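For reference, coords_9.csv is printed below; it contains CSV, C-alpha atoms and all ligand atoms.
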chain,number,residue,atom,x,y,z
L,22,MET,CA,0.0,0.0,0.0
L,23,GLN,CA,1.3,3.4,-0.9
L,24,GLN,CA,-0.1,6.7,0.0
L,25,ASP,CA,0.5,10.3,0.5
L,26,MET,CA,1.7,10.9,4.0
L,27,ASP,CA,-0.4,14.0,4.6
L,28,ARG,CA,-3.8,13.2,3.3
L,29,PRO,CA,-5.0,9.7,2.3
L,30,GLY,CA,-7.3,10.9,-0.5
L,31,SER,CA,-4.6,12.8,-2.4
L,32,LEU,CA,-3.7,9.7,-4.3
L,33,LEU,CA,-7.1,9.7,-5.9
L,34,GLU,CA,-6.8,13.2,-7.5
L,35,GLY,CA,-3.9,12.0,-9.6
L,36,ALA,CA,-5.4,8.7,-10.5
L,37,GLU,CA,-7.0,8.1,-13.9
L,38,GLY,CA,-9.1,5.3,-12.7
L,39,ILE,CA,-10.6,4.4,-9.3
L,40,LEU,CA,-11.7,0.8,-8.4
L,41,CYS,CA,-14.0,1.1,-5.5
L,42,ASP,CA,-15.4,-1.6,-3.3
L,43,LEU,CA,-19.1,-1.7,-2.4
L,44,ASP,CA,-19.9,-3.2,1.0
L,45,GLY,CA,-18.3,-1.3,3.8
L,46,CYS,CA,-17.3,1.6,1.5
L,47,LEU,CA,-20.3,2.9,-0.3
L,48,ILE,CA,-23.0,1.0,1.5
L,49,SER,CA,-23.7,-1.3,4.5
L,50,GLY,CA,-26.8,-3.4,3.9
L,51,ASP,CA,-29.3,-0.9,2.5
L,52,GLN,CA,-27.7,2.1,4.2
L,53,LEU,CA,-25.5,4.6,2.4
L,54,LEU,CA,-22.2,5.1,4.2
L,55,ALA,CA,-20.6,8.5,5.0
L,56,GLY,CA,-19.3,10.3,1.9
L,57,ALA,CA,-20.7,7.8,-0.6
L,58,VAL,CA,-22.8,10.3,-2.6
L,59,GLU,CA,-20.1,13.0,-2.5
L,60,PHE,CA,-17.4,10.5,-3.5
L,61,ILE,CA,-19.3,9.5,-6.6
L,62,HIS,CA,-20.0,13.1,-7.4
L,63,ALA,CA,-16.2,13.8,-7.2
L,64,TYR,CA,-14.8,10.7,-8.8
L,65,GLY,CA,-17.7,9.0,-10.6
L,66,ASP,CA,-16.4,9.7,-14.1
L,67,LYS,CA,-13.3,7.6,-13.5
L,68,MET,CA,-14.7,5.0,-11.1
L,69,VAL,CA,-15.7,1.4,-11.4
L,70,VAL,CA,-17.4,-0.5,-8.6
L,71,VAL,CA,-15.5,-3.8,-8.0
L,72,THR,CA,-17.3,-6.0,-5.6
L,73,ASN,CA,-17.2,-9.6,-4.4
L,74,ASN,CA,-21.0,-9.5,-4.5
L,75,SER,CA,-22.2,-12.8,-6.0
L,76,THR,CA,-26.0,-12.5,-5.8
L,77,ASP,CA,-26.7,-9.5,-8.0
L,78,SER,CA,-26.4,-8.7,-11.7
L,79,PRO,CA,-25.0,-5.3,-12.7
L,80,GLY,CA,-28.6,-4.3,-13.6
L,81,SER,CA,-30.2,-5.5,-10.3
L,82,LEU,CA,-27.4,-3.9,-8.2
L,83,SER,CA,-27.6,-0.6,-10.1
L,84,ARG,CA,-31.4,-0.5,-9.5
L,85,ARG,CA,-30.9,-1.3,-5.8
L,86,LEU,CA,-28.4,1.4,-5.4
L,87,GLU,CA,-30.5,3.9,-7.3
L,88,ALA,CA,-33.3,3.3,-4.8
L,89,ILE,CA,-31.2,4.4,-2.0
L,90,GLY,CA,-29.8,7.5,-3.8
L,91,LEU,CA,-26.6,6.2,-5.6
L,92,HIS,CA,-26.6,6.5,-9.3
L,93,ILE,CA,-24.1,4.0,-10.7
L,94,PRO,CA,-24.8,2.6,-14.2
L,95,ALA,CA,-24.7,-1.1,-14.7
L,96,SER,CA,-21.8,-0.7,-17.1
L,97,ARG,CA,-19.7,0.6,-14.2
L,98,ILE,CA,-20.3,-2.4,-11.9
L,99,LEU,CA,-18.2,-5.6,-11.8
L,100,LEU,CA,-19.4,-8.4,-9.6
L,101,ALA,CA,-17.6,-11.6,-8.6
L,102,GLY,CA,-20.6,-13.9,-9.3
L,103,ILE,CA,-21.3,-12.5,-12.8
L,104,CYS,CA,-17.6,-12.4,-13.6
L,105,ALA,CA,-17.3,-16.1,-12.6
L,106,VAL,CA,-20.1,-17.0,-15.0
L,107,GLU,CA,-18.4,-15.1,-17.8
L,108,MET,CA,-15.0,-16.6,-17.1
L,109,ILE,CA,-16.6,-20.1,-17.1
L,110,ALA,CA,-18.4,-19.4,-20.4
L,111,GLY,CA,-15.2,-18.0,-21.9
L,112,GLN,CA,-13.0,-21.0,-20.8
L,113,SER,CA,-15.6,-23.8,-21.2
L,114,PRO,CA,-18.2,-22.7,-23.8
L,115,GLY,CA,-21.5,-24.6,-23.4
L,116,ALA,CA,-20.4,-26.4,-20.3
L,117,GLN,CA,-22.9,-28.2,-18.1
L,118,VAL,CA,-22.9,-26.3,-14.8
L,119,PHE,CA,-24.5,-26.9,-11.4
L,120,ILE,CA,-25.1,-23.5,-9.8
L,121,ALA,CA,-25.6,-22.8,-6.1
L,122,GLY,CA,-26.8,-19.2,-6.4
L,123,THR,CA,-29.6,-16.7,-7.2
L,124,ASP,CA,-31.9,-16.6,-10.2
L,125,GLU,CA,-29.8,-13.6,-11.4
L,126,ILE,CA,-26.7,-15.7,-11.6
L,127,ALA,CA,-28.6,-18.6,-13.3
L,128,ARG,CA,-30.2,-16.3,-15.9
L,129,HIS,CA,-26.8,-14.8,-16.7
L,130,ALA,CA,-25.3,-18.3,-17.1
L,131,GLU,CA,-28.0,-19.3,-19.5
L,132,ALA,CA,-27.6,-16.1,-21.4
L,133,GLN,CA,-23.8,-16.9,-21.7
L,134,GLY,CA,-24.7,-20.3,-23.3
L,135,LEU,CA,-24.0,-22.5,-20.3
L,136,ALA,CA,-26.3,-25.5,-19.7
L,137,LEU,CA,-27.8,-25.5,-16.1
L,138,VAL,CA,-28.0,-29.1,-14.9
L,139,THR,CA,-28.6,-30.9,-11.6
L,140,ASP,CA,-26.9,-34.2,-12.5
L,141,THR,CA,-23.3,-34.9,-13.6
L,142,PRO,CA,-22.2,-31.3,-14.2
L,143,ASP,CA,-18.7,-30.5,-15.6
L,144,ILE,CA,-18.5,-27.5,-13.2
L,145,VAL,CA,-20.0,-26.5,-9.9
L,146,LEU,CA,-20.3,-22.8,-9.4
L,147,LEU,CA,-20.6,-21.7,-5.8
L,148,THR,CA,-21.9,-18.2,-5.0
L,149,ARG,CA,-23.7,-16.7,-2.0
L,150,ASP,CA,-26.7,-18.9,-2.3
L,151,GLU,CA,-29.2,-17.7,0.3
L,152,LYS,CA,-31.2,-21.0,-0.2
L,153,PHE,CA,-28.2,-23.2,0.4
L,154,SER,CA,-29.4,-26.3,2.2
L,155,TYR,CA,-28.2,-29.7,3.4
L,156,GLN,CA,-29.5,-31.1,0.1
L,157,THR,CA,-27.4,-28.5,-1.8
L,158,LEU,CA,-24.3,-29.5,0.2
L,159,GLN,CA,-25.0,-33.2,-0.4
L,160,ALA,CA,-25.4,-32.6,-4.2
L,161,ILE,CA,-22.2,-30.6,-4.5
L,162,ILE,CA,-20.2,-33.2,-2.6
L,163,GLY,CA,-21.5,-35.8,-5.0
L,164,HIS,CA,-20.6,-33.7,-8.1
L,165,LEU,CA,-17.1,-33.0,-6.8
L,166,VAL,CA,-16.4,-36.6,-6.0
L,167,GLY,CA,-17.7,-37.4,-9.4
L,168,GLY,CA,-15.1,-35.2,-11.0
L,169,ALA,CA,-16.7,-31.8,-11.5
L,170,VAL,CA,-14.5,-28.7,-11.2
L,171,LEU,CA,-15.4,-26.3,-8.4
L,172,TRP,CA,-15.5,-22.5,-9.2
L,173,VAL,CA,-16.0,-20.1,-6.2
L,174,ALA,CA,-17.2,-16.5,-6.7
L,175,ASN,CA,-15.2,-15.4,-3.6
L,176,THR,CA,-13.9,-16.8,-0.4
L,177,ASP,CA,-15.0,-14.1,2.0
L,178,ARG,CA,-16.7,-15.7,5.0
L,179,THR,CA,-18.8,-12.6,5.8
L,180,HIS,CA,-19.6,-9.1,4.7
L,181,PRO,CA,-20.8,-6.3,6.9
L,182,GLY,CA,-24.6,-6.1,7.1
L,183,GLN,CA,-26.9,-3.7,8.8
L,184,ASN,CA,-26.4,-3.0,12.5
L,185,GLY,CA,-22.9,-4.3,12.1
L,186,HIS,CA,-24.1,-7.9,12.0
L,187,PRO,CA,-22.0,-10.1,9.8
L,188,VAL,CA,-23.7,-11.6,6.7
L,189,PRO,CA,-22.6,-15.2,5.8
L,190,GLU,CA,-20.7,-15.1,2.5
L,191,THR,CA,-19.7,-17.6,-0.1
L,192,GLY,CA,-16.6,-18.6,1.9
L,193,THR,CA,-18.7,-19.9,4.7
L,194,LEU,CA,-20.5,-22.2,2.2
L,195,LEU,CA,-17.1,-23.2,0.9
L,196,ALA,CA,-16.0,-24.1,4.4
L,197,ALA,CA,-19.0,-26.5,4.7
L,198,ILE,CA,-17.8,-28.2,1.5
L,199,ARG,CA,-14.2,-28.3,2.7
L,200,SER,CA,-15.2,-29.8,6.0
L,201,CYS,CA,-16.5,-32.8,4.0
L,202,LEU,CA,-13.8,-32.8,1.3
L,203,PRO,CA,-10.6,-31.3,2.9
L,204,ASP,CA,-8.6,-31.7,-0.2
L,205,THR,CA,-11.0,-29.8,-2.4
L,206,ILE,CA,-9.3,-27.3,-4.8
L,207,TRP,CA,-11.2,-24.5,-6.6
L,208,GLU,CA,-10.9,-21.7,-9.1
L,209,GLU,CA,-11.5,-18.3,-7.4
L,210,VAL,CA,-12.7,-15.1,-9.1
L,211,GLY,CA,-13.3,-12.4,-6.5
L,212,LYS,CA,-10.7,-10.4,-4.6
L,213,PRO,CA,-8.0,-11.1,-3.5
L,214,SER,CA,-7.6,-13.1,-6.7
L,215,GLY,CA,-6.6,-10.6,-9.5
L,216,ALA,CA,-9.4,-11.5,-11.9
L,217,LEU,CA,-11.9,-8.8,-10.9
L,218,TYR,CA,-9.3,-6.0,-10.8
L,219,GLN,CA,-7.9,-7.1,-14.1
L,220,LYS,CA,-11.4,-6.9,-15.6
L,221,ALA,CA,-11.8,-3.4,-14.2
L,222,LEU,CA,-8.5,-2.3,-15.8
L,223,ASP,CA,-9.6,-3.8,-19.1
L,224,LEU,CA,-13.0,-1.9,-18.8
L,225,LEU,CA,-11.2,1.4,-18.2
L,226,GLY,CA,-8.4,0.7,-20.7
L,227,LEU,CA,-5.8,1.6,-18.0
L,228,ALA,CA,-2.6,0.2,-16.7
L,229,PRO,CA,-2.4,-0.8,-13.0
L,230,GLU,CA,-0.2,2.2,-12.2
L,231,GLN,CA,-2.8,4.6,-13.5
L,232,THR,CA,-5.4,3.5,-11.0
L,233,VAL,CA,-6.1,3.3,-7.3
L,234,ALA,CA,-8.2,0.8,-5.5
L,235,VAL,CA,-10.3,1.8,-2.5
L,236,GLY,CA,-11.7,-0.8,-0.1
L,237,ASP,CA,-12.3,-1.6,3.6
L,238,ASN,CA,-10.7,-5.0,3.8
L,239,PRO,CA,-6.9,-5.3,3.7
L,240,ASP,CA,-7.1,-9.1,3.1
L,241,THR,CA,-9.3,-8.8,0.0
L,242,ASP,CA,-9.2,-5.3,-1.4
L,243,GLY,CA,-5.7,-4.5,-0.3
L,244,GLU,CA,-4.2,-7.9,-1.1
L,245,GLY,CA,-6.1,-8.1,-4.4
L,246,ALA,CA,-4.8,-4.7,-5.4
L,247,ARG,CA,-1.2,-5.6,-4.4
L,248,ARG,CA,-1.3,-8.8,-6.6
L,249,ALA,CA,-2.6,-6.7,-9.5
L,250,GLY,CA,0.1,-4.1,-9.1
L,251,ILE,CA,-2.5,-1.4,-8.1
L,252,ARG,CA,-2.0,1.1,-5.3
L,253,SER,CA,-4.7,0.9,-2.7
L,254,ILE,CA,-6.3,2.9,0.1
L,255,ILE,CA,-8.0,1.0,2.9
L,256,ILE,CA,-10.5,2.9,4.9
L,257,GLY,CA,-11.9,2.1,8.3
L,258,GLY,CA,-8.7,0.8,9.8
L,259,ASP,CA,-5.8,2.4,11.5
L,260,VAL,CA,-3.4,2.4,8.5
L,261,THR,CA,-4.6,5.4,6.5
L,262,GLY,CA,-6.5,7.3,9.1
L,263,ALA,CA,-9.5,7.5,6.8
L,264,ARG,CA,-12.6,6.3,8.5
L,265,SER,CA,-14.9,6.5,5.5
L,266,LEU,CA,-15.0,7.8,2.0
L,267,ALA,CA,-15.8,11.2,3.5
L,268,ASP,CA,-12.2,11.4,4.5
L,269,LEU,CA,-11.0,10.8,0.9
L,270,LEU,CA,-12.9,13.7,-0.7
L,271,PRO,CA,-11.0,16.5,-2.5
L,272,VAL,CA,-10.7,19.2,0.1
L,273,SER,CA,-11.1,22.0,-2.4
L,274,ASP,CA,-14.6,20.8,-3.5
L,275,PHE,CA,-15.9,19.3,-0.3
L,276,PRO,CA,-14.8,21.0,2.9
L,277,VAL,CA,-14.7,18.4,5.6
L,278,THR,CA,-15.5,19.5,9.1
L,279,GLY,CA,-13.4,18.6,12.1
L,280,ASP,CA,-15.6,15.6,12.8
L,281,GLY,CA,-15.2,14.2,9.3
L,282,ASN,CA,-18.7,15.2,8.2
L,283,ILE,CA,-19.1,16.8,4.8
L,284,GLY,CA,-19.9,20.6,4.8
L,285,SER,CA,-23.1,22.0,3.5
L,286,GLU,CA,-21.4,23.1,0.3
L,287,ALA,CA,-21.3,19.5,-0.9
L,288,PRO,CA,-23.6,19.2,-4.0
L,289,ALA,CA,-26.7,17.1,-3.5
L,290,LYS,CA,-26.8,15.9,-7.1
L,291,THR,CA,-24.6,13.0,-8.1
L,292,GLY,CA,-24.1,10.5,-10.9
L,293,LEU,CA,-21.8,8.6,-13.2
L,294,ASN,CA,-21.7,9.0,-16.9
L,295,ASP,CA,-22.8,5.8,-18.6
L,296,ASP,CA,-20.1,5.6,-21.3
L,301,MG,MG,-15.9,-4.3,1.5
If you convert what's in this file into structure tokens, what do you get?
Amino acid sequence: MQQDMDRPGSLLEGAEGILCDLDGCLISGDQLLAGAVEFIHAYGDKMVVVTNNSTDSPGSLSRRLEAIGLHIPASRILLAGICAVEMIAGQSPGAQVFIAGTDEIARHAEAQGLALVTDTPDIVLLTRDEKFSYQTLQAIIGHLVGGAVLWVANTDRTHPGQNGHPVPETGTLLAAIRSCLPDTIWEEVGKPSGALYQKALDLLGLAPEQTVAVGDNPDTDGEGARRAGIRSIIIGGDVTGARSLADLLPVSDFPVTGDGNIGSEAPAKTGLNDD
């Protein structure tokens, strides 16, 4: 991690692209976090949301964010679950896939030409399946023993939900599989693997050194950025001194008061250009 010693947000002003995490940075559950609206107003034109979310599609997440006041077009959202589907379709066109995941993920897989099956799949794709059951676990164990290849959207065990309560993530479901099959190996798409950040670089047409990643988790956001050669700013911890995105805003445009709150001069309107 490299940053300006005086002000953690100064790196962002010189960056040509910003790869921003979602949960714990812009939102927590359905709540906007401090500085999220102003951050998008200031940096939206060069920003891509890069999230380990594996339940939404870009469209469904864009609509959900719009409903709470964040305008981020679907074209600026990269999600681990959707990215996993696209990587599988790219590497194994037409493969037979067993998906533990939402209807959004299944629809995208079919649109990508994958065949959704419940028996003898080539591939098992594990995402944050809120309907994951004993039967799901039993089926996956059978498929993996039978030779299917396991893909995992991300290995986070939790993400922060409302009221600070942890929300079980895909990594928790993976832990259940590994408790039955300790020698299981898998392909991983989300942070800290480099696949999502690389996709963001491709989308922006930028080199790693032209961009900065912003996140709240040093083990996923920070480590993922490091592996991709991207500088990062981790908020919420002790390293940068930035408690939230509000502490990363350009001082000239958005005066920050002593308590870290945005001054009344901050524009109310925000939005990204859908280019
Ligand atoms: Mg996060």
Could you tell me which of L:Ala169, L:Val58, L:Leu100, L:Leu224 comes closest to Asp140 of chain L if we count all atoms listed in the file?
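Answer, going by the shortest atom-to-atom distance: L:Ala169.
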Nearest to Leu54 of chain L among L:Leu91, L:Leu225, L:Ile126, L:Met68, with distances taken over only C-alpha atoms: which residue is it?
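Ranking L:Leu91, L:Leu225, L:Ile126, L:Met68 by distance to Leu54 of chain L, first place goes to L:Leu91.
The interatomic distance for the pair atom CA of Lys152 of chain L and atom CA of Thr123 of chain L works out to 8.4 Å.
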Contacts of ligand MG 301 (chain L), 12 Å or closer, only C-alpha atoms and all ligand atoms, given as a ChimeraX atom specification:
/L:40-50,54,70-74,177-182,187-188,190,211-213,234-243,255-257,265
Got a sec to check which residues sit within 10 Å of (-26.1, -23.1, -16.7), counting only C-alpha atoms, and write them as a PyMOL selection string?
chain L and resi 106+109-110+115-120+126-139+142+144-146
Could you write out the selected residues, including C-alpha atoms, as a compact mmCIF listing (two decimals), in the coordinates of the input?
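Now in out_32.txt:
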# COMPACT_ATOMS: atom_id res chain seq x y z
CA VAL L 106 -20.10 -17.00 -15.00
CA ILE L 109 -16.60 -20.10 -17.10
CA ALA L 110 -18.40 -19.40 -20.40
CA GLY L 115 -21.50 -24.60 -23.40
CA ALA L 116 -20.40 -26.40 -20.30
CA GLN L 117 -22.90 -28.20 -18.10
CA VAL L 118 -22.90 -26.30 -14.80
CA PHE L 119 -24.50 -26.90 -11.40
CA ILE L 120 -25.10 -23.50 -9.80
CA ILE L 126 -26.70 -15.70 -11.60
CA ALA L 127 -28.60 -18.60 -13.30
CA ARG L 128 -30.20 -16.30 -15.90
CA HIS L 129 -26.80 -14.80 -16.70
CA ALA L 130 -25.30 -18.30 -17.10
CA GLU L 131 -28.00 -19.30 -19.50
CA ALA L 132 -27.60 -16.10 -21.40
CA GLN L 133 -23.80 -16.90 -21.70
CA GLY L 134 -24.70 -20.30 -23.30
CA LEU L 135 -24.00 -22.50 -20.30
CA ALA L 136 -26.30 -25.50 -19.70
CA LEU L 137 -27.80 -25.50 -16.10
CA VAL L 138 -28.00 -29.10 -14.90
CA THR L 139 -28.60 -30.90 -11.60
CA PRO L 142 -22.20 -31.30 -14.20
CA ILE L 144 -18.50 -27.50 -13.20
CA VAL L 145 -20.00 -26.50 -9.90
CA LEU L 146 -20.30 -22.80 -9.40
Å distance separating atom CA of Ser96 of chain L from atom CA of Glu230 of chain L, one decimal place:
22.3 Å
Between atom CA of Ala36 of chain L and atom CA of Gln231 of chain L, what is the distance in Å, rounded to a tenth?
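Atom CA of Ala36 of chain L sits 5.7 Å away from atom CA of Gln231 of chain L.
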For a quick check of understanding, using all atoms listed in the file, which of L:Ala55, L:Ala88, L:Leu227, L:Leu195 has the smallest distance to Glu209 of chain L?
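Ranked by minimum distance to Glu209 of chain L, first place goes to L:Leu195.
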From L:Thr141, L:Thr261, L:Gln159, L:His62, residue lying nearest Ala197 of chain L [all atoms listed in the file]:
L:Gln159
Given all atoms listed in the file as the counted atoms, nearest of L:Arg28, L:Arg97, L:Arg85, L:Arg199 to Ile61 of chain L
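Looking only at the distances to Ile61 of chain L, the closest residue turns out to be L:Arg97.
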Radius query 8 Å about (-22.4, -14.0, -10.7), atoms used: only C-alpha atoms, as a JSON list (two decimals) with C-alpha atoms, in the coordinates of the input:
[["chain", "number", "residue", "atom", "x", "y", "z"],
["L", 74, "ASN", "CA", -21.00, -9.50, -4.50],
["L", 75, "SER", "CA", -22.20, -12.80, -6.00],
["L", 76, "THR", "CA", -26.00, -12.50, -5.80],
["L", 77, "ASP", "CA", -26.70, -9.50, -8.00],
["L", 78, "SER", "CA", -26.40, -8.70, -11.70],
["L", 100, "LEU", "CA", -19.40, -8.40, -9.60],
["L", 101, "ALA", "CA", -17.60, -11.60, -8.60],
["L", 102, "GLY", "CA", -20.60, -13.90, -9.30],
["L", 103, "ILE", "CA", -21.30, -12.50, -12.80],
["L", 104, "CYS", "CA", -17.60, -12.40, -13.60],
["L", 105, "ALA", "CA", -17.30, -16.10, -12.60],
["L", 106, "VAL", "CA", -20.10, -17.00, -15.00],
["L", 125, "GLU", "CA", -29.80, -13.60, -11.40],
["L", 126, "ILE", "CA", -26.70, -15.70, -11.60],
["L", 129, "HIS", "CA", -26.80, -14.80, -16.70],
["L", 148, "THR", "CA", -21.90, -18.20, -5.00],
["L", 174, "ALA", "CA", -17.20, -16.50, -6.70]]
What's the 9 Å shell around Leu194 of chain L, counting only C-alpha atoms, without same-chain residues fewer than 6 positions away, as a CSV table (one decimal) with C-alpha atoms, keeping the file's coordinate frame?
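Result written to selection-v4.csv:
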chain,number,residue,atom,x,y,z
L,147,LEU,CA,-20.6,-21.7,-5.8
L,148,THR,CA,-21.9,-18.2,-5.0
L,149,ARG,CA,-23.7,-16.7,-2.0
L,150,ASP,CA,-26.7,-18.9,-2.3
L,153,PHE,CA,-28.2,-23.2,0.4
L,158,LEU,CA,-24.3,-29.5,0.2
L,176,THR,CA,-13.9,-16.8,-0.4
L,178,ARG,CA,-16.7,-15.7,5.0
Would you mind telling me which residue in L:Ala160, L:Leu165, L:Ala63, L:Val233 lies nearest to Tyr218 of chain L when using only C-alpha atoms?
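That would be L:Val233, the residue with the smallest distance to Tyr218 of chain L.
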Take the structure in the block and write a file for segment 177-214 of chain L, C-alpha atoms, as a compact mmCIF listing (two decimals), in the first residue's frame.
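Output saved as part-v8.txt:
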# COMPACT_ATOMS: atom_id res chain seq x y z
CA ASP L 177 -15.04 -14.08 2.03
CA ARG L 178 -16.67 -15.70 5.04
CA THR L 179 -18.81 -12.64 5.83
CA HIS L 180 -19.55 -9.12 4.70
CA PRO L 181 -20.81 -6.30 6.93
CA GLY L 182 -24.59 -6.06 7.11
CA GLN L 183 -26.93 -3.66 8.78
CA ASN L 184 -26.43 -3.00 12.49
CA GLY L 185 -22.90 -4.32 12.10
CA HIS L 186 -24.10 -7.91 12.00
CA PRO L 187 -21.97 -10.14 9.75
CA VAL L 188 -23.73 -11.61 6.71
CA PRO L 189 -22.59 -15.16 5.82
CA GLU L 190 -20.71 -15.08 2.51
CA THR L 191 -19.68 -17.62 -0.11
CA GLY L 192 -16.57 -18.56 1.86
CA THR L 193 -18.74 -19.85 4.68
CA LEU L 194 -20.51 -22.19 2.24
CA LEU L 195 -17.11 -23.22 0.87
CA ALA L 196 -16.04 -24.06 4.43
CA ALA L 197 -18.95 -26.50 4.68
CA ILE L 198 -17.79 -28.24 1.50
CA ARG L 199 -14.19 -28.32 2.71
CA SER L 200 -15.21 -29.84 6.02
CA CYS L 201 -16.50 -32.83 4.01
CA LEU L 202 -13.79 -32.77 1.34
CA PRO L 203 -10.65 -31.25 2.91
CA ASP L 204 -8.56 -31.75 -0.23
CA THR L 205 -10.95 -29.77 -2.43
CA ILE L 206 -9.33 -27.31 -4.81
CA TRP L 207 -11.15 -24.54 -6.65
CA GLU L 208 -10.95 -21.68 -9.11
CA GLU L 209 -11.50 -18.31 -7.42
CA VAL L 210 -12.73 -15.12 -9.10
CA GLY L 211 -13.30 -12.45 -6.45
CA LYS L 212 -10.75 -10.41 -4.56
CA PRO L 213 -8.02 -11.13 -3.49
CA SER L 214 -7.60 -13.07 -6.75
